[in-house]
file upload.txt (compact mmCIF, C-alpha atoms)
# COMPACT_ATOMS: atom_id res chain seq x y z
CA MET D 1 0.00 0.00 0.00
CA HIS D 2 3.01 2.27 0.48
CA ALA D 3 3.78 1.81 -3.21
CA LEU D 4 0.26 2.99 -4.10
CA SER D 5 0.62 5.99 -1.81
CA ARG D 6 3.92 6.96 -3.42
CA LEU D 7 2.43 6.53 -6.89
CA LEU D 8 -0.53 8.76 -6.03
CA ASP D 9 1.78 11.35 -4.52
CA ARG D 10 3.88 11.39 -7.71
CA LEU D 11 0.76 11.71 -9.85
CA LEU D 12 -0.47 14.61 -7.72
CA ALA D 13 2.92 16.30 -8.00
CA GLY D 14 2.83 15.85 -11.78
CA ALA D 15 -0.73 17.17 -11.94
CA LEU D 16 0.38 20.25 -10.02
CA VAL D 17 3.14 20.92 -12.55
CA VAL D 18 0.77 20.48 -15.51
CA SER D 19 -1.92 22.64 -13.96
CA ARG D 20 0.58 25.36 -13.05
CA TRP D 21 1.78 25.61 -16.64
CA ALA D 22 -1.84 25.59 -17.81
CA VAL D 23 -2.52 28.54 -15.51
CA TYR D 24 0.49 30.37 -16.95
CA ALA D 25 -0.77 29.72 -20.47
CA GLY D 26 -4.28 30.83 -19.55
CA GLY D 27 -2.99 34.01 -17.93
CA GLY D 28 -0.92 34.73 -21.01
CA ALA D 29 -3.94 34.21 -23.26
CA ILE D 30 -5.97 36.65 -21.18
CA LEU D 31 -3.18 39.24 -21.32
CA ILE D 32 -2.96 38.87 -25.10
CA SER D 33 -6.74 39.24 -25.32
CA ALA D 34 -6.60 42.41 -23.25
CA PHE D 35 -3.88 43.77 -25.55
CA LEU D 36 -5.93 42.97 -28.67
CA ILE D 37 -9.02 44.62 -27.18
CA SER D 38 -6.97 47.72 -26.36
CA ILE D 39 -5.70 47.84 -29.94
CA ASP D 40 -9.25 47.43 -31.20
CA ILE D 41 -10.51 50.29 -29.04
CA LEU D 42 -7.69 52.60 -30.12
CA SER D 43 -8.10 51.75 -33.81
CA ARG D 44 -11.84 52.42 -33.62
CA ARG D 45 -11.29 55.72 -31.85
CA LEU D 46 -8.38 57.01 -33.95
CA LEU D 47 -8.83 55.34 -37.33
CA GLY D 48 -12.45 54.32 -37.40
CA LEU D 49 -11.38 50.72 -38.00
CA SER D 50 -11.99 47.50 -36.09
CA THR D 51 -9.77 44.46 -35.77
CA TRP D 52 -12.90 42.29 -35.65
CA GLY D 53 -12.79 39.37 -33.27
CA ALA D 54 -10.79 40.62 -30.30
CA ASP D 55 -13.79 40.39 -28.02
CA GLU D 56 -14.68 36.92 -29.30
CA LEU D 57 -11.15 35.64 -28.67
CA SER D 58 -11.26 37.09 -25.16
CA TYR D 59 -14.40 35.05 -24.40
CA TYR D 60 -12.65 31.88 -25.48
CA ALA D 61 -9.50 32.73 -23.52
CA LEU D 62 -11.49 33.40 -20.35
CA ALA D 63 -13.54 30.20 -20.63
CA VAL D 64 -10.61 27.92 -21.41
CA SER D 65 -8.32 29.43 -18.79
CA THR D 66 -11.06 29.11 -16.17
CA SER D 67 -11.61 25.40 -16.85
CA TRP D 68 -7.88 24.63 -16.69
CA ALA D 69 -7.36 26.80 -13.59
CA SER D 70 -9.95 24.79 -11.64
CA ALA D 71 -7.55 21.88 -11.12
CA TYR D 72 -4.72 24.14 -9.97
CA THR D 73 -7.05 25.97 -7.60
CA LEU D 74 -8.09 22.64 -6.08
CA LEU D 75 -4.50 21.43 -5.71
CA VAL D 76 -3.40 24.59 -3.89
CA LYS D 77 -6.62 24.65 -1.84
CA ALA D 78 -7.69 28.05 -3.12
CA HIS D 79 -11.36 27.25 -3.75
CA ILE D 80 -13.69 29.18 -1.47
CA ARG D 81 -14.50 27.10 1.60
CA ILE D 82 -16.63 27.89 4.63
CA ASP D 83 -14.92 26.27 7.62
CA LEU D 84 -17.26 27.47 10.34
CA VAL D 85 -18.12 23.84 11.22
CA THR D 86 -14.95 22.00 10.24
CA SER D 87 -12.72 24.29 12.29
CA ARG D 88 -14.52 23.11 15.44
CA LEU D 89 -14.38 19.38 14.71
CA PRO D 90 -11.72 16.83 15.64
CA GLN D 91 -9.39 15.50 12.94
CA ALA D 92 -11.61 12.50 12.14
CA GLY D 93 -14.70 14.67 11.72
CA LYS D 94 -12.84 17.10 9.49
CA ALA D 95 -11.59 14.23 7.35
CA MET D 96 -15.09 12.86 6.78
CA LEU D 97 -16.46 16.27 5.78
CA HIS D 98 -13.54 16.79 3.41
CA ILE D 99 -14.32 13.46 1.75
CA ILE D 100 -17.99 14.40 1.38
CA ALA D 101 -16.96 17.74 -0.14
CA LEU D 102 -14.63 15.97 -2.58
CA LEU D 103 -17.37 13.56 -3.60
CA GLY D 104 -19.73 16.45 -4.31
CA LEU D 105 -17.07 18.36 -6.22
CA GLY D 106 -16.12 15.27 -8.21
CA TYR D 107 -19.73 14.61 -9.17
CA MET D 108 -20.18 18.23 -10.27
CA ALA D 109 -16.96 18.16 -12.31
CA PHE D 110 -17.91 14.86 -13.98
CA ALA D 111 -21.45 15.99 -14.79
CA LEU D 112 -20.21 19.29 -16.22
CA SER D 113 -17.54 17.53 -18.27
CA GLN D 114 -20.09 15.09 -19.65
CA ALA D 115 -22.55 17.83 -20.58
CA MET D 116 -19.89 19.97 -22.25
CA PHE D 117 -18.48 16.96 -24.10
CA HIS D 118 -21.86 16.39 -25.73
CA ILE D 119 -21.88 20.03 -26.88
CA PHE D 120 -18.34 19.66 -28.22
CA GLN D 121 -19.27 16.43 -30.00
CA ARG D 122 -22.31 18.05 -31.62
CA SER D 123 -20.23 21.00 -32.84
CA TRP D 124 -17.62 18.60 -34.22
CA ASN D 125 -20.18 16.47 -36.06
CA ARG D 126 -22.03 19.46 -37.51
CA GLY D 127 -18.97 21.55 -38.26
CA SER D 128 -20.53 24.44 -36.36
CA THR D 129 -18.88 27.85 -36.49
CA SER D 130 -19.45 31.05 -34.56
CA ILE D 131 -21.87 33.54 -36.08
CA THR D 132 -19.16 36.20 -36.23
CA THR D 133 -16.74 37.56 -38.78
CA LEU D 134 -14.08 35.09 -37.62
CA GLU D 135 -16.40 32.10 -38.13
CA THR D 136 -14.40 30.19 -35.54
CA PRO D 137 -14.93 26.39 -35.61
CA LEU D 138 -16.64 26.00 -32.25
CA TRP D 139 -15.10 22.61 -31.55
CA ILE D 140 -11.71 24.27 -30.99
CA PRO D 141 -12.54 26.45 -27.94
CA GLN D 142 -15.11 23.92 -26.76
CA GLY D 143 -12.56 21.11 -26.99
CA LEU D 144 -10.00 23.06 -24.99
CA PHE D 145 -12.68 23.93 -22.44
CA VAL D 146 -13.76 20.29 -22.11
CA ALA D 147 -10.14 19.14 -21.81
CA GLY D 148 -9.70 21.46 -18.84
CA LEU D 149 -12.86 20.12 -17.20
CA ILE D 150 -11.77 16.51 -17.77
CA PHE D 151 -8.40 17.27 -16.21
CA PHE D 152 -10.20 18.90 -13.28
CA THR D 153 -12.31 15.76 -12.87
CA PHE D 154 -9.19 13.57 -13.02
CA VAL D 155 -7.40 15.65 -10.37
CA THR D 156 -10.45 15.56 -8.11
CA ALA D 157 -10.65 11.76 -8.43
CA LEU D 158 -6.91 11.50 -7.79
CA ILE D 159 -7.13 13.53 -4.59
CA LEU D 160 -10.16 11.54 -3.48
CA LEU D 161 -8.34 8.25 -4.05
CA ARG D 162 -5.32 9.52 -2.12
CA VAL D 163 -7.56 10.60 0.73
CA VAL D 164 -9.31 7.20 0.82
CA VAL D 165 -5.94 5.43 0.95
CA ALA D 166 -4.83 7.72 3.79
CA LEU D 167 -8.07 7.04 5.69
CA VAL D 168 -8.49 3.30 5.18
CA PHE D 169 -4.92 2.05 5.14
CA GLN D 170 -2.87 4.70 6.92
CA ARG D 171 -5.41 6.12 9.37
CA ASP D 172 -3.72 9.47 8.83
CA HIS D 173 -6.36 12.13 9.43
CA ALA D 174 -3.75 14.88 9.54
CA LEU D 175 -2.63 13.99 6.01
CA ILE D 176 -6.23 14.14 4.79
CA ASN D 177 -6.64 17.59 6.28
CA ARG D 178 -3.37 18.73 4.69
CA LEU D 179 -4.53 17.48 1.29
CA THR D 180 -8.06 18.84 1.37
CA GLY D 181 -8.43 21.27 4.27
CA THR D 182 -8.63 25.01 4.09
CA VAL D 183 -5.57 27.23 4.22
CA SER D 184 -5.44 29.01 7.56
CA VAL D 185 -4.13 32.49 8.21
CA ALA D 186 -1.09 30.94 9.88
CA ASP D 187 -0.41 28.79 6.81
CA GLU D 188 -0.66 31.81 4.51
CA THR D 189 1.66 33.77 6.79
CA GLU D 190 4.24 30.97 6.85
CA GLN D 191 4.07 30.66 3.07
CA ALA D 192 4.52 34.40 2.61
CA ILE D 193 7.52 34.39 4.96
CA ALA D 194 9.06 31.42 3.15
CA GLU D 195 8.61 33.12 -0.23
CA ALA D 196 10.13 36.35 1.11
CA VAL D 197 13.13 34.46 2.51
CA ALA D 198 13.64 32.61 -0.77
CA LEU D 199 13.45 35.90 -2.70
CA TYR D 200 15.94 37.52 -0.34
CA ARG D 201 18.38 34.64 -0.74
CA ARG D 202 18.13 34.79 -4.54
CA ASN D 203 18.77 38.53 -4.59
CA GLY D 204 21.19 38.56 -1.70
call {"tool": "encode", "arguments": {"input": "upload.txt", "output": "structure tokens"}}
result
Amino acid sequence: MHALSRLLDRLLAGALVVSRWAVYAGGGAILISAFLISIDILSRRLLGLSTWGADELSYYALAVSTSWASAYTLLVKAHIRIDLVTSRLPQAGKAMLHIIALLGLGYMAFALSQAMFHIFQRSWNRGSTSITTLETPLWIPQGLFVAGLIFFTFVTALILLRVVVALVFQRDHALINRLTGTVSVADETEQAIAEAVALYRRNG
């Protein structure tokens, strides 16, 4: 069972790397979209011309980056959580609520992925395009959006499996809370101090 735990830990570490680069790419796409929109606004104001499509591309960039960022947000525990109850429970109670939350999140991610995949499949089969000047094949942004949702579902299932292994075979409630719990003010403070120290050492 230790081998399974190590395998899951490596998969989670790999998923974190992939999701981090996906977030970088999504942020870059949004910045490029903002630049194109700025150019479009200036060209309309000064030259009376439009680049046509900057706003459409920004919609796609926002949607795709959001779907891919969901996995990263889950891995770094940045999703909004209300810990009014869990903060007052013992470790075992917290662990059970975290598992219930993961099950609900996993079901939502799977259902959303399935629904969006059907839309992507329909656009692919029909060769649907956007009703804009660009006439973008809709399967392209929809496919990227669905891929992000599928990856989010996979990461959620991976964390859930790791939590189940920690609960059933290791009886490690503290590990479960570290994997799925909320980030406390103390944790954020320690992380900020560690990042400041690392920055000082690099520049020192």
call {"tool": "closest_residue", "arguments": {"input": "upload.txt", "among": "D:Tyr107, D:Trp124, D:Trp139, D:Trp68", "to": "Phe151 of chain D", "atoms": "only C-alpha atoms"}}
result
D:Trp68
call {"tool": "closest_residue", "arguments": {"input": "upload.txt", "among": "D:Thr73, D:Thr180, D:Thr156, D:Gln142", "to": "Tyr60 of chain D", "atoms": "only C-alpha atoms"}}
result
D:Gln142
call {"tool": "closest_residue", "arguments": {"input": "upload.txt", "among": "D:Ala34, D:Ile99, D:Ala92, D:Val165", "to": "Ala3 of chain D", "atoms": "all atoms listed in the file"}}
result
D:Val165
call {"tool": "residues_around", "arguments": {"input": "upload.txt", "residues": "Ala157 of chain D", "least_positions_apart": "5", "cutoff": "10 Å", "atoms": "all atoms listed in the file", "output": "JSON, numbers by chain"}}
result
{"D": [102, 103, 105, 106, 107, 109, 110, 151, 152, 162, 163]}
call {"tool": "atom_distance", "arguments": {"input": "upload.txt", "atom1": "atom CA of Lys94 of chain D", "atom2": "atom CA of Leu75 of chain D"}}
result
17.9 Å
call {"tool": "atom_distance", "arguments": {"input": "upload.txt", "atom1": "atom CA of Asp9 of chain D", "atom2": "atom CA of Thr153 of chain D"}}
result
17.0 Å
call {"tool": "closest_residue", "arguments": {"input": "upload.txt", "among": "D:Val17, D:Ile193, D:Ala95, D:Leu144", "to": "Val168 of chain D", "atoms": "only C-alpha atoms"}}
result
D:Ala95
call {"tool": "axis_aligned_box", "arguments": {"input": "upload.txt", "around": "segment 112-123 of chain D", "padding_each_side": "4 Å", "output": "JSON"}}
result
{"center_x": -20.0, "center_y": 18.0, "center_z": -24.5, "size_x": 13.0, "size_y": 13.9, "size_z": 24.6}
call {"tool": "residues_around", "arguments": {"input": "upload.txt", "residues": "Leu89 of chain D", "least_positions_apart": "6", "cutoff": "12 Å", "atoms": "only C-alpha atoms", "output": "VMD selection string"}}
result
chain D and resid 83 95 to 98 177
call {"tool": "atom_distance", "arguments": {"input": "upload.txt", "atom1": "atom CA of Val76 of chain D", "atom2": "atom CA of Leu16 of chain D"}}
result
8.4 Å
call {"tool": "closest_residue", "arguments": {"input": "upload.txt", "among": "D:Ile150, D:Ile131, D:Ala78, D:Val23", "to": "Met108 of chain D", "atoms": "only C-alpha atoms"}}
result
D:Ile150
call {"tool": "closest_residue", "arguments": {"input": "upload.txt", "among": "D:Ile140, D:Leu149, D:Ala174, D:Val18", "to": "Met116 of chain D", "atoms": "only C-alpha atoms"}}
result
D:Leu149
call {"tool": "residues_near_point", "arguments": {"input": "upload.txt", "point": "(-15.0, 28.9, -6.1)", "cutoff": "12 Å", "atoms": "all atoms listed in the file", "output": "PyMOL selection string"}}
result
chain D and resi 66-67+69-74+77-82+105
call {"tool": "residues_around", "arguments": {"input": "upload.txt", "residues": "Asp55 of chain D", "least_positions_apart": "5", "cutoff": "10 Å", "atoms": "only C-alpha atoms", "output": "JSON, numbers by chain"}}
result
{"D": [33, 34, 36, 37, 40, 60, 61]}
call {"tool": "decode", "arguments": {"input": "upload.txt", "residues": "segment 25-37 of chain D", "atoms": "all heavy atoms", "output": "short mmCIF file (atom, residue, chain, number, x, y, z; two decimals), in the first residue's frame"}}
result
data_model
loop_
_atom_site.label_atom_id
_atom_site.label_comp_id
_atom_site.auth_asym_id
_atom_site.auth_seq_id
_atom_site.Cartn_x
_atom_site.Cartn_y
_atom_site.Cartn_z
N ALA D 25 -0.30 29.57 -19.09
CA ALA D 25 -0.77 29.72 -20.47
C ALA D 25 -2.10 30.48 -20.52
O ALA D 25 -2.29 31.36 -21.37
CB ALA D 25 -0.92 28.35 -21.13
N GLY D 26 -3.00 30.15 -19.59
CA GLY D 26 -4.28 30.83 -19.55
C GLY D 26 -4.13 32.31 -19.22
O GLY D 26 -4.78 33.17 -19.82
N GLY D 27 -3.25 32.61 -18.26
CA GLY D 27 -2.99 34.01 -17.93
C GLY D 27 -2.39 34.77 -19.10
O GLY D 27 -2.76 35.92 -19.37
N GLY D 28 -1.49 34.10 -19.83
CA GLY D 28 -0.92 34.73 -21.01
C GLY D 28 -1.96 35.00 -22.08
O GLY D 28 -1.95 36.05 -22.73
N ALA D 29 -2.87 34.03 -22.26
CA ALA D 29 -3.94 34.21 -23.26
C ALA D 29 -4.85 35.38 -22.90
O ALA D 29 -5.26 36.16 -23.77
CB ALA D 29 -4.76 32.92 -23.38
N ILE D 30 -5.13 35.54 -21.61
CA ILE D 30 -5.97 36.65 -21.18
C ILE D 30 -5.25 37.98 -21.39
O ILE D 30 -5.85 38.99 -21.81
CB ILE D 30 -6.39 36.47 -19.71
CG1 ILE D 30 -7.36 35.29 -19.59
CG2 ILE D 30 -7.04 37.73 -19.16
CD1 ILE D 30 -7.76 34.97 -18.18
N LEU D 31 -3.95 38.01 -21.10
CA LEU D 31 -3.18 39.24 -21.32
C LEU D 31 -3.14 39.61 -22.81
O LEU D 31 -3.29 40.79 -23.17
CB LEU D 31 -1.76 39.07 -20.79
CG LEU D 31 -1.60 39.07 -19.27
CD1 LEU D 31 -0.15 38.79 -18.89
CD2 LEU D 31 -2.04 40.41 -18.69
N ILE D 32 -2.96 38.61 -23.65
CA ILE D 32 -2.96 38.87 -25.10
C ILE D 32 -4.33 39.38 -25.54
O ILE D 32 -4.43 40.30 -26.35
CB ILE D 32 -2.58 37.59 -25.87
CG1 ILE D 32 -1.11 37.24 -25.60
CG2 ILE D 32 -2.81 37.77 -27.37
CD1 ILE D 32 -0.69 35.91 -26.16
N SER D 33 -5.39 38.79 -24.99
CA SER D 33 -6.74 39.24 -25.32
C SER D 33 -6.95 40.68 -24.91
O SER D 33 -7.55 41.48 -25.65
CB SER D 33 -7.77 38.34 -24.63
OG SER D 33 -7.65 37.00 -25.06
N ALA D 34 -6.47 41.03 -23.71
CA ALA D 34 -6.60 42.41 -23.25
C ALA D 34 -5.84 43.36 -24.17
O ALA D 34 -6.32 44.47 -24.47
CB ALA D 34 -6.08 42.53 -21.82
N PHE D 35 -4.67 42.94 -24.63
CA PHE D 35 -3.88 43.77 -25.55
C PHE D 35 -4.63 43.96 -26.87
O PHE D 35 -4.70 45.08 -27.40
CB PHE D 35 -2.53 43.11 -25.79
CG PHE D 35 -1.69 43.81 -26.82
CD1 PHE D 35 -1.04 45.00 -26.51
CD2 PHE D 35 -1.54 43.29 -28.10
CE1 PHE D 35 -0.27 45.66 -27.46
CE2 PHE D 35 -0.78 43.93 -29.05
CZ PHE D 35 -0.14 45.11 -28.73
N LEU D 36 -5.20 42.88 -27.40
CA LEU D 36 -5.93 42.97 -28.67
C LEU D 36 -7.16 43.86 -28.53
O LEU D 36 -7.49 44.64 -29.45
CB LEU D 36 -6.34 41.58 -29.13
CG LEU D 36 -5.21 40.65 -29.58
CD1 LEU D 36 -5.76 39.26 -29.92
CD2 LEU D 36 -4.47 41.23 -30.77
N ILE D 37 -7.85 43.76 -27.40
CA ILE D 37 -9.02 44.62 -27.18
C ILE D 37 -8.60 46.08 -27.10
O ILE D 37 -9.28 46.98 -27.63
CB ILE D 37 -9.76 44.18 -25.90
CG1 ILE D 37 -10.45 42.83 -26.13
CG2 ILE D 37 -10.80 45.22 -25.49
CD1 ILE D 37 -11.10 42.25 -24.89
#
